[in-house]
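See below for protein.txt, which holds compact mmCIF, C-alpha atoms.
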```txt
# COMPACT_ATOMS: atom_id res chain seq x y z
CA MET A 1299 -0.05 2.03 -4.26
CA THR A 1300 1.08 3.25 -0.83
CA ALA A 1301 4.65 3.16 0.40
CA ALA A 1302 3.82 0.37 2.87
CA VAL A 1303 2.40 -1.90 0.15
CA HIS A 1304 5.36 -1.13 -2.10
CA ARG A 1305 7.81 -2.03 0.67
CA ALA A 1306 5.91 -5.25 1.39
CA ARG A 1307 6.08 -6.26 -2.26
CA ARG A 1308 9.80 -5.59 -2.48
CA LEU A 1309 10.43 -7.54 0.72
CA THR A 1310 8.51 -10.46 -0.73
CA MET A 1311 10.47 -10.22 -3.97
CA TRP A 1312 13.84 -10.42 -2.22
CA SER A 1313 12.65 -13.20 0.07
CA LEU A 1314 11.65 -15.28 -2.96
CA ALA A 1315 14.89 -14.38 -4.74
CA PHE A 1316 16.81 -15.97 -1.87
CA THR A 1317 15.67 -19.31 -3.32
CA LEU A 1318 18.18 -18.74 -6.13
CA VAL A 1319 20.93 -19.32 -3.56
CA LEU A 1320 19.77 -22.94 -3.37
CA ALA A 1321 20.22 -23.30 -7.12
CA TRP A 1322 23.65 -21.64 -7.05
CA PHE A 1323 24.79 -23.83 -4.16
CA GLY A 1324 23.66 -26.98 -5.95
CA ALA A 1325 25.31 -26.00 -9.22
CA LEU A 1326 28.53 -25.09 -7.41
CA ALA A 1327 28.52 -28.35 -5.44
CA GLY A 1328 27.95 -30.35 -8.61
CA ALA A 1329 30.71 -28.52 -10.47
CA VAL A 1330 33.20 -29.01 -7.62
CA LEU A 1331 32.36 -32.72 -7.47
CA HIS A 1332 32.90 -33.18 -11.22
CA ILE A 1333 36.19 -31.29 -11.14
CA SER A 1334 37.48 -33.16 -8.08
CA GLU A 1335 36.72 -36.48 -9.75
CA GLY A 1336 38.42 -35.40 -12.95
CA ARG A 1337 35.25 -35.79 -14.99
CA ALA A 1338 34.72 -32.17 -15.94
CA ASP A 1339 33.70 -31.86 -19.58
CA PRO A 1340 34.34 -28.26 -20.77
CA VAL A 1341 31.58 -28.41 -23.38
CA ARG A 1342 28.99 -29.75 -20.95
CA PHE A 1343 30.10 -27.22 -18.34
CA ALA A 1344 29.74 -24.39 -20.86
CA VAL A 1345 26.23 -25.51 -21.85
CA ALA A 1346 25.22 -25.91 -18.20
CA GLY A 1347 26.66 -22.47 -17.41
CA VAL A 1348 24.63 -20.82 -20.16
CA ALA A 1349 21.51 -22.70 -19.10
CA LEU A 1350 22.08 -21.63 -15.48
CA ALA A 1351 22.35 -17.99 -16.57
CA VAL A 1352 19.09 -18.32 -18.53
CA PHE A 1353 17.50 -20.00 -15.51
CA ASN A 1354 18.53 -17.15 -13.19
CA TRP A 1355 17.31 -14.47 -15.59
CA TYR A 1356 13.84 -15.92 -16.11
CA VAL A 1357 13.36 -16.98 -12.48
CA TRP A 1358 14.23 -13.43 -11.41
CA ARG A 1359 11.71 -12.02 -13.87
CA PHE A 1360 9.15 -14.55 -12.64
CA ILE A 1361 9.74 -13.52 -9.01
CA ARG A 1362 9.38 -9.85 -9.90
CA ALA A 1363 6.19 -10.59 -11.85
CA VAL A 1364 4.47 -12.48 -9.01
CA SER A 1365 5.44 -9.96 -6.32
CA VAL A 1366 5.88 -6.30 -7.30
CA ARG A 1367 4.09 -6.54 -10.67
CA TRP A 1368 1.20 -8.83 -9.85
CA PRO A 1369 -1.40 -9.21 -11.36
CA GLU A 1370 -0.33 -7.04 -14.33
CA GLU A 1371 2.28 -9.60 -15.43
CA ALA A 1372 0.33 -12.76 -14.59
CA ARG A 1373 0.38 -13.92 -18.22
CA GLU A 1374 4.11 -13.19 -18.60
CA SER A 1375 4.89 -15.11 -15.41
CA ARG A 1376 3.74 -18.35 -17.03
CA ARG A 1377 6.11 -17.74 -19.92
CA TYR A 1378 8.99 -17.07 -17.53
CA ALA A 1379 8.22 -20.30 -15.67
CA LEU A 1380 8.30 -22.26 -18.93
CA TYR A 1381 11.60 -20.79 -20.12
CA SER A 1382 13.29 -21.31 -16.76
CA GLY A 1383 11.97 -24.89 -16.67
CA ILE A 1384 13.55 -25.59 -20.07
CA ALA A 1385 16.84 -24.24 -18.72
CA VAL A 1386 16.59 -26.64 -15.73
CA LEU A 1387 15.95 -29.54 -18.11
CA VAL A 1388 19.08 -28.67 -20.10
CA ILE A 1389 21.20 -28.51 -16.94
CA LEU A 1390 20.02 -31.91 -15.72
CA LEU A 1391 20.50 -33.54 -19.13
CA VAL A 1392 24.05 -32.29 -19.74
CA GLN A 1393 25.13 -32.95 -16.14
CA ASP A 1394 23.11 -35.18 -13.79
CA ALA A 1395 20.14 -35.10 -11.41
CA ASP A 1396 22.06 -35.75 -8.19
CA PRO A 1397 19.90 -34.14 -5.42
CA SER A 1398 23.05 -33.02 -3.59
CA GLY A 1399 24.31 -31.24 -6.71
CA PHE A 1400 22.66 -30.04 -9.89
CA GLY A 1401 19.34 -31.53 -8.77
CA MET A 1402 18.98 -28.59 -6.36
CA VAL A 1403 18.36 -26.37 -9.37
CA ALA A 1404 15.17 -28.33 -10.09
CA ILE A 1405 14.09 -28.06 -6.44
CA ALA A 1406 14.68 -24.29 -6.51
CA TRP A 1407 12.68 -23.99 -9.73
CA VAL A 1408 9.59 -25.84 -8.48
CA SER A 1409 9.67 -23.98 -5.15
CA VAL A 1410 9.38 -20.66 -7.01
CA VAL A 1411 7.05 -21.34 -9.95
CA THR A 1412 4.32 -22.77 -7.71
CA VAL A 1413 3.90 -19.68 -5.47
CA ARG A 1414 0.84 -18.41 -7.39
CA ALA A 1415 -0.41 -21.82 -8.51
CA GLY A 1416 -3.48 -23.49 -7.02
CA ARG A 1417 -3.28 -26.42 -4.65
CA LEU A 1418 -3.77 -29.12 -7.30
CA ALA A 1419 -1.41 -27.47 -9.78
CA SER A 1420 1.24 -27.09 -7.08
CA ILE A 1421 1.03 -30.74 -6.08
CA LEU A 1422 1.17 -31.91 -9.68
CA LEU A 1423 4.17 -29.69 -10.49
CA ALA A 1424 6.02 -30.76 -7.34
CA ALA A 1425 5.29 -34.46 -7.82
CA GLY A 1426 6.07 -34.28 -11.53
CA THR A 1427 9.41 -32.59 -10.86
CA ALA A 1428 10.34 -35.18 -8.23
CA VAL A 1429 9.39 -38.13 -10.44
CA PHE A 1430 11.22 -36.71 -13.46
CA CYS A 1431 14.42 -36.10 -11.46
CA VAL A 1432 14.33 -39.60 -9.96
CA LEU A 1433 13.81 -41.20 -13.37
CA LEU A 1434 16.62 -39.12 -14.85
CA LEU A 1435 18.91 -40.12 -11.99
CA SER A 1436 18.10 -43.80 -12.55
CA VAL A 1437 19.22 -43.47 -16.18
CA ASN A 1438 22.26 -41.32 -15.37
CA PRO A 1439 23.36 -42.03 -11.75
CA GLY A 1440 26.03 -39.36 -11.83
CA ILE A 1441 29.45 -39.45 -10.24
CA GLN A 1442 28.33 -40.41 -6.74
CA GLU A 1443 25.86 -43.01 -8.00
CA PHE A 1444 23.30 -41.66 -5.53
CA PRO A 1445 20.88 -44.44 -4.47
CA VAL A 1446 17.61 -44.03 -6.36
CA GLU A 1447 15.51 -44.93 -3.31
CA VAL A 1448 17.18 -42.27 -1.19
CA ALA A 1449 16.92 -39.77 -4.06
CA ALA A 1450 13.17 -40.47 -4.31
CA ILE A 1451 12.75 -39.63 -0.62
CA VAL A 1452 14.89 -36.48 -0.86
CA TYR A 1453 13.12 -35.19 -3.98
CA GLY A 1454 9.70 -36.09 -2.60
CA VAL A 1455 10.25 -34.27 0.68
CA MET A 1456 11.98 -31.23 -0.83
CA CYS A 1457 9.63 -30.75 -3.79
CA LEU A 1458 6.51 -31.11 -1.68
CA THR A 1459 7.60 -28.94 1.28
CA VAL A 1460 9.99 -26.19 0.12
CA PRO A 1461 7.41 -24.59 -2.24
CA TYR A 1462 5.08 -23.92 0.69
CA ALA A 1463 7.73 -21.83 2.43
CA ASN A 1464 7.63 -19.47 -0.55
CA LYS A 1465 3.85 -19.70 -0.76
CA LEU A 1466 3.76 -18.38 2.81
CA TRP A 1467 5.44 -15.15 1.69
CA ILE A 1468 2.87 -14.66 -1.06
CA TRP A 1469 0.03 -15.44 1.35
CA ILE A 1470 1.30 -12.82 3.82
CA LEU A 1471 1.67 -10.27 1.00
CA ASP A 1472 -1.84 -10.91 -0.30
CA LEU A 1473 -3.26 -10.73 3.22
CA GLY A 1474 -1.60 -7.38 3.79
CA GLU A 1475 -2.85 -5.98 0.49
CA GLN A 1476 -6.39 -7.19 1.22
CA ALA A 1477 -6.26 -5.48 4.62
CA HIS A 1478 -5.06 -2.27 2.97
CA ALA A 1479 -7.81 -2.49 0.36
CA SER A 1480 -10.36 -3.03 3.13
CA LYS A 1481 -9.16 0.15 4.84
CA ASP A 1482 -9.55 2.06 1.57
CA ALA A 1483 -13.04 0.66 1.06
CA GLU A 1484 -13.96 1.54 4.64
CA ALA A 1485 -12.72 5.09 4.13
CA ARG A 1486 -14.69 5.46 0.88
CA LEU A 1487 -17.78 4.07 2.60
CA ALA A 1488 -17.39 6.56 5.43
CA VAL A 1489 -17.14 9.42 2.93
CA THR A 1490 -20.24 8.18 1.11
CA GLU A 1491 -22.20 7.90 4.35
CA GLU A 1492 -21.12 11.40 5.34
CA ARG A 1493 -22.29 12.75 1.98
CA LEU A 1494 -25.64 11.04 2.37
CA ARG A 1495 -26.00 12.41 5.89
CA PHE A 1496 -25.18 15.90 4.66
CA ALA A 1497 -27.74 15.53 1.87
CA ARG A 1498 -30.40 14.45 4.36
CA ASP A 1499 -29.55 17.32 6.70
CA LEU A 1500 -29.64 19.81 3.85
CA HIS A 1501 -33.03 18.51 2.73
CA ASP A 1502 -34.41 18.71 6.25
CA LEU A 1503 -33.06 22.21 6.72
CA VAL A 1504 -34.16 23.95 3.53
CA GLY A 1505 -36.56 21.56 1.81
CA HIS A 1506 -39.64 22.95 3.54
CA SER A 1507 -38.46 26.55 3.20
CA LEU A 1508 -37.84 26.21 -0.52
CA SER A 1509 -41.27 24.66 -1.03
CA VAL A 1510 -42.90 27.58 0.81
CA ILE A 1511 -40.78 30.06 -1.18
CA ALA A 1512 -41.98 28.51 -4.43
CA VAL A 1513 -45.63 28.69 -3.38
CA LYS A 1514 -45.34 32.26 -2.04
CA SER A 1515 -43.51 33.44 -5.14
CA GLU A 1516 -46.17 31.97 -7.40
CA LEU A 1517 -48.89 33.63 -5.29
CA ALA A 1518 -47.08 36.98 -5.38
CA GLY A 1519 -46.85 36.75 -9.15
CA LYS A 1520 -50.58 36.24 -9.44
CA LEU A 1521 -51.31 39.09 -7.00
CA ALA A 1522 -48.96 41.55 -8.67
CA THR A 1523 -51.65 42.79 -11.10
CA ILE A 1524 -54.55 42.46 -8.65
CA ASP A 1525 -53.33 43.58 -5.24
CA ALA A 1526 -49.82 45.09 -5.29
CA ALA A 1527 -49.76 45.60 -1.52
CA ARG A 1528 -50.61 41.96 -0.87
CA ALA A 1529 -48.01 40.86 -3.43
CA ALA A 1530 -45.37 43.00 -1.68
CA GLU A 1531 -46.25 41.36 1.64
CA GLU A 1532 -45.86 37.93 0.14
CA MET A 1533 -42.46 38.84 -1.32
CA THR A 1534 -41.39 40.16 2.09
CA VAL A 1535 -42.22 36.73 3.50
CA VAL A 1536 -40.26 35.11 0.64
CA ARG A 1537 -37.24 37.28 1.39
CA GLY A 1538 -37.40 36.33 5.08
CA LEU A 1539 -37.62 32.65 4.25
CA ALA A 1540 -34.68 32.94 1.84
CA GLN A 1541 -32.54 34.72 4.44
CA ASP A 1542 -33.46 32.16 7.08
CA SER A 1543 -32.57 29.29 4.71
CA LEU A 1544 -29.24 30.91 3.90
CA ARG A 1545 -28.47 31.26 7.60
CA GLN A 1546 -29.32 27.60 8.23
CA ILE A 1547 -27.12 26.45 5.36
CA ARG A 1548 -24.19 28.52 6.63
CA GLU A 1549 -24.59 27.10 10.11
CA ALA A 1550 -24.74 23.57 8.74
CA VAL A 1551 -21.62 24.03 6.59
CA ARG A 1552 -19.77 25.67 9.48
CA GLY A 1553 -20.66 22.71 11.69
CA TYR A 1554 -19.27 20.28 9.13
CA ARG A 1555 -16.02 22.24 8.92
CA VAL A 1556 -15.33 22.07 12.66
CA LEU A 1557 -12.84 19.32 13.51
CA ASP A 1558 -12.12 17.74 16.88
CA LEU A 1559 -8.37 17.80 17.56
CA ALA A 1560 -8.22 14.59 19.61
CA SER A 1561 -10.29 12.66 17.07
CA GLU A 1562 -8.20 14.03 14.21
CA LEU A 1563 -4.98 12.98 15.93
CA ASP A 1564 -6.30 9.43 16.40
CA SER A 1565 -7.30 9.30 12.75
CA VAL A 1566 -3.95 10.65 11.56
CA ARG A 1567 -2.05 8.16 13.73
CA ALA A 1568 -4.03 5.24 12.28
CA ILE A 1569 -3.54 6.43 8.68
CA LEU A 1570 0.20 7.09 9.04
CA GLU A 1571 0.90 3.82 10.84
CA ALA A 1572 -1.09 1.93 8.20
CA ASP A 1573 1.31 3.45 5.67
CA GLY A 1574 4.34 2.34 7.69
CA VAL A 1575 5.06 5.70 9.36
CA ARG A 1576 5.61 5.45 13.13
CA CYS A 1577 3.60 8.19 14.81
CA GLU A 1578 4.15 9.70 18.27
CA ILE A 1579 1.59 12.08 19.80
CA ASP A 1580 2.04 14.34 22.81
CA LEU A 1581 -1.30 15.99 23.56
CA PRO A 1582 -1.73 17.16 27.16
CA PRO A 1583 -5.39 17.01 28.20
CA GLY A 1584 -7.09 20.41 28.20
CA ALA A 1585 -4.08 22.19 26.72
CA VAL A 1586 -6.25 24.36 24.44
CA GLY A 1587 -9.90 25.23 24.17
CA PRO A 1588 -12.20 24.14 21.35
CA GLU A 1589 -11.81 27.49 19.55
CA THR A 1590 -8.08 26.95 19.08
CA ALA A 1591 -8.27 23.16 18.74
CA ALA A 1592 -10.33 23.39 15.53
CA PRO A 1593 -7.73 25.22 13.36
CA PHE A 1594 -4.97 23.08 14.90
CA ALA A 1595 -6.89 19.98 13.80
CA TRP A 1596 -6.83 21.27 10.22
CA VAL A 1597 -3.06 21.82 10.48
CA VAL A 1598 -2.60 18.23 11.67
CA ARG A 1599 -4.73 16.89 8.83
CA GLU A 1600 -2.91 18.89 6.14
CA SER A 1601 0.50 17.95 7.57
CA ALA A 1602 -0.39 14.25 7.49
CA THR A 1603 -1.62 14.59 3.92
CA ASN A 1604 1.69 16.17 2.88
CA ILE A 1605 3.65 13.41 4.63
CA LEU A 1606 1.76 10.74 2.69
CA ARG A 1607 1.97 12.55 -0.65
CA HIS A 1608 5.32 14.31 -0.72
CA SER A 1609 7.76 12.67 1.70
CA SER A 1610 9.49 9.38 2.45
CA ALA A 1611 9.09 9.70 6.21
CA THR A 1612 9.43 6.72 8.53
CA TRP A 1613 8.35 8.53 11.69
CA CYS A 1614 6.31 11.55 12.70
CA ARG A 1615 5.82 13.36 16.00
CA VAL A 1616 2.93 15.67 16.90
CA SER A 1617 3.26 17.76 20.06
CA LEU A 1618 1.21 20.53 21.62
CA ARG A 1619 2.18 22.87 24.42
CA ALA A 1620 0.62 25.99 25.89
CA ALA A 1621 2.30 28.83 27.77
CA ASP A 1622 1.62 32.52 28.44
CA GLY A 1623 -1.74 32.48 26.71
CA SER A 1624 -0.40 30.96 23.48
CA ALA A 1625 -0.53 27.42 22.14
CA VAL A 1626 2.16 25.88 19.92
CA LEU A 1627 1.51 22.85 17.75
CA GLU A 1628 4.48 21.10 16.11
CA VAL A 1629 4.39 18.34 13.51
CA VAL A 1630 7.85 17.00 12.66
CA ASN A 1631 8.89 14.08 10.42
CA ASP A 1632 12.12 12.66 9.02
CA GLY A 1633 11.17 12.88 5.34
CA ALA A 1634 12.01 16.47 4.38
CA ALA A 1635 10.85 17.16 0.79
CA THR A 1636 13.44 18.41 -1.69
CA GLY A 1637 13.23 20.04 -5.07
CA SER A 1638 9.70 21.38 -4.58
CA ASP A 1639 7.60 23.61 -2.38
CA PRO A 1640 7.22 21.40 0.70
CA ALA A 1641 4.60 23.52 2.38
CA GLY A 1642 2.05 23.36 -0.41
CA THR A 1643 -0.99 25.55 -0.94
CA GLY A 1644 -2.99 23.77 1.78
CA LEU A 1645 -0.68 24.86 4.59
CA ALA A 1646 -0.39 28.33 3.05
CA GLY A 1647 -4.17 28.70 3.24
CA LEU A 1648 -4.16 27.53 6.86
CA GLY A 1649 -1.43 30.08 7.60
CA GLU A 1650 -3.73 32.84 6.41
CA ARG A 1651 -6.53 31.47 8.59
CA LEU A 1652 -4.30 31.40 11.66
CA ALA A 1653 -3.01 34.90 10.92
CA ALA A 1654 -6.58 36.16 10.92
CA ILE A 1655 -7.00 35.04 14.57
CA GLY A 1656 -3.61 36.32 15.73
CA GLY A 1657 -1.63 33.16 15.12
CA SER A 1658 1.06 32.06 12.68
CA LEU A 1659 2.23 29.03 10.72
CA THR A 1660 5.69 28.04 9.51
CA ALA A 1661 6.65 24.97 7.48
CA GLN A 1662 10.23 24.30 6.49
CA PRO A 1663 13.09 21.75 6.64
CA THR A 1664 15.21 21.85 9.77
CA GLY A 1665 18.48 21.12 7.95
CA ASP A 1666 19.03 17.68 9.47
CA GLY A 1667 16.70 15.71 7.20
CA ARG A 1668 13.57 16.59 9.15
CA PHE A 1669 10.60 18.76 8.22
CA LEU A 1670 8.86 20.90 10.83
CA VAL A 1671 5.40 22.45 10.77
CA ARG A 1672 4.82 24.86 13.65
CA ALA A 1673 1.47 26.55 14.30
CA THR A 1674 0.83 29.11 17.04
CA ALA A 1675 -2.44 30.67 18.16
CA PRO A 1676 -3.92 32.34 21.22
CA THR A 1677 -5.41 29.65 23.46
CA GLY A 1678 -8.75 31.45 23.47
CA ALA A 1679 -8.83 32.46 19.77
CA ALA A 1680 -12.03 32.06 17.87
CA ALA A 1681 -11.67 30.03 14.68
```

Can the structure from this file be put into structure tokens for me?
Amino acid sequence: MTAAVHRARRLTMWSLAFTLVLAWFGALAGAVLHISEGRADPVRFAVAGVALAVFNWYVWRFIRAVSVRWPEEARESRRYALYSGIAVLVILLVQDADPSGFGMVAIAWVSVVTVRAGRLASILLAAGTAVFCVLLLSVNPGIQEFPVEVAAIVYGVMCLTVPYANKLWIWILDLGEQAHASKDAEARLAVTEERLRFARDLHDLVGHSLSVIAVKSELAGKLATIDAARAAEEMTVVRGLAQDSLRQIREAVRGYRVLDLASELDSVRAILEADGVRCEIDLPPGAVGPETAAPFAWVVRESATNILRHSSATWCRVSLRAADGSAVLEVVNDGAATGSDPAGTGLAGLGERLAAIGGSLTAQPTGDGRFLVRATAPTGAAA
């Protein structure tokens, strides 16, 4: 799970948890009304208080299950909904179902437990809750003797509309996770296509040569005892074919290892911003030639990988400047790693590569919570 998805899930969790405020407000309003009218029963209040605590505990666990722990705790979420519903029933039975008081607890419950339910199940739960509360209020009108007709309208509207506000949060979360999964699938597909293309290129490059080598080697083996000179000629041809195939493979692999700096920066920006990291890029056109741009592209890629894996950065800036025949690439972010080697073996390997062409690479915290990767190389260096 990426940091962006994790943050989205936690935001959804706290947004759903805000519904508990509705239950607390209703319980507080009901308690104040009973006390002000002098009809506060200590025993009933104690039972309602315990039931409210149970309600809060299981609703919180339900919210956590349907947001940050979904779908792993899908089965447990149904159990949490049941237990919290029993707590609501106890509260309404020992107090009353006044929609301006303790009845708000029931509205809060149905608005939460329906967030992952289907359309029919949501309507049935909402309608069932409204009907039950109205019937209970008709039997026990409460202190205010709230009109049943008005209560039916209030419960009907609240139970059938408030749940969809919470459903919207879940819908947005699921939409975001589906978009993130689509990006992952697209990336995996791109890798697969690249592997297939490389396999086709490799076959086209050396397939014919290897077939000829096999035939020539077999012929040389047969000629070895008949015509040694002819066999030696055939083996000379085999050696030439093998050397030519090796050269073609090296050229192909070298071509695959060359990165385009501009394209790599666009890719890194998209990946970081998809993970919730704001990315700024300052790349003057024509600042460096292709020979220097290639190793810089690898530095950018490795730096972005380290940001995603080892830091908690919220922003990143990539800048490139050239002066006096040297180019300087800087990648800075606000998520300096602590307690480990922040540079990693990848950047260390790139440092050796840059050193071989007269450049250098440093990667270290700046002391103010930022982490800076700086690469230098001659503008005309050959990678």

6 Å per side around region 1621-1625 of chain A: axis-aligned box centre and edge lengths, as lines of an AutoDock Vina configuration file:
```
center_x = 0.3
center_y = 30.0
center_z = 25.3
size_x = 16.0
size_y = 17.1
size_z = 18.3
```

Region 1430-1544 of chain A residues near region 1370-1393 of chain A within 9 Å, closest pair each, using all atoms listed in the file, as CSV:
```
residue,atom,partner,partner_atom,distance
A:Cys1431,CA,A:Leu1390,CA,8.2
A:Leu1434,CA,A:Leu1390,CA,8.0
A:Asn1438,CA,A:Leu1391,CA,8.8
A:Gly1440,CA,A:Gln1393,CA,7.8
```

Export C-alpha atoms of the chosen residues as a PDB file, in the frame of the given file?
```
ATOM      1  CA  CYS A1431      14.420 -36.100 -11.460  1.00  0.00           C
ATOM      2  CA  LEU A1434      16.620 -39.120 -14.850  1.00  0.00           C
ATOM      3  CA  ASN A1438      22.260 -41.320 -15.370  1.00  0.00           C
ATOM      4  CA  GLY A1440      26.030 -39.360 -11.830  1.00  0.00           C
TER       5      GLY A1440
END
```

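Between Ala1585 (chain A) and the residues A:Val1598, A:Ser1398, A:Ala1530, A:Pro1676, the shortest atom-to-atom distance, using all atoms listed in the file, involves A:Pro1676.
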
Q: Within 12 Å of Gly1623 (chain A), counting only C-alpha atoms, which residues show up once you throw out same-chain ones fewer than 6 positions away? Write them as a list in words, please.
A: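 The neighbour list is Ala1585, Val1586, Gly1587, Thr1590, Gly1656, Gly1657, Thr1674, Ala1675, Pro1676, Thr1677, Gly1678 and Ala1679 of chain A.
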
Closest atom pairs, residues of region 1320-1391 of chain A within 7 Å of region 1399-1410 of chain A, all atoms listed in the file, as CSV:
```
residue,atom,partner,partner_atom,distance
A:Leu1320,CA,A:Ala1406,CA,6.1
A:Ala1321,CA,A:Val1403,CA,4.2
A:Gly1324,CA,A:Gly1399,CA,4.4
A:Ala1325,CA,A:Phe1400,CA,4.9
A:Ala1327,CA,A:Gly1399,CA,5.3
A:Gly1328,CA,A:Gly1399,CA,4.2
A:Val1386,CA,A:Ala1404,CA,6.1
A:Leu1390,CA,A:Phe1400,CA,6.7
```

(Q) Given the point (-34.8, 26.3, 2.6) in the file's coordinates, find the residues that have an atom at most 9 Å from it, counting all atoms listed in the file, and give them as a PyMOL selection string. (A) chain A and resi 1500-1511+1539-1544+1546-1547

Q. Hey, which of A:Ala1611, A:Val1345, A:Ala1351, A:Val1597 ends up closest to Thr1660 (chain A)? Count only C-alpha atoms.
A.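 Looking only at the distances to Thr1660 (chain A), the closest residue turns out to be A:Val1597.
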
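CA of Ser1610 (chain A) sits 22.2 Å away from CA of Asp1580 (chain A).
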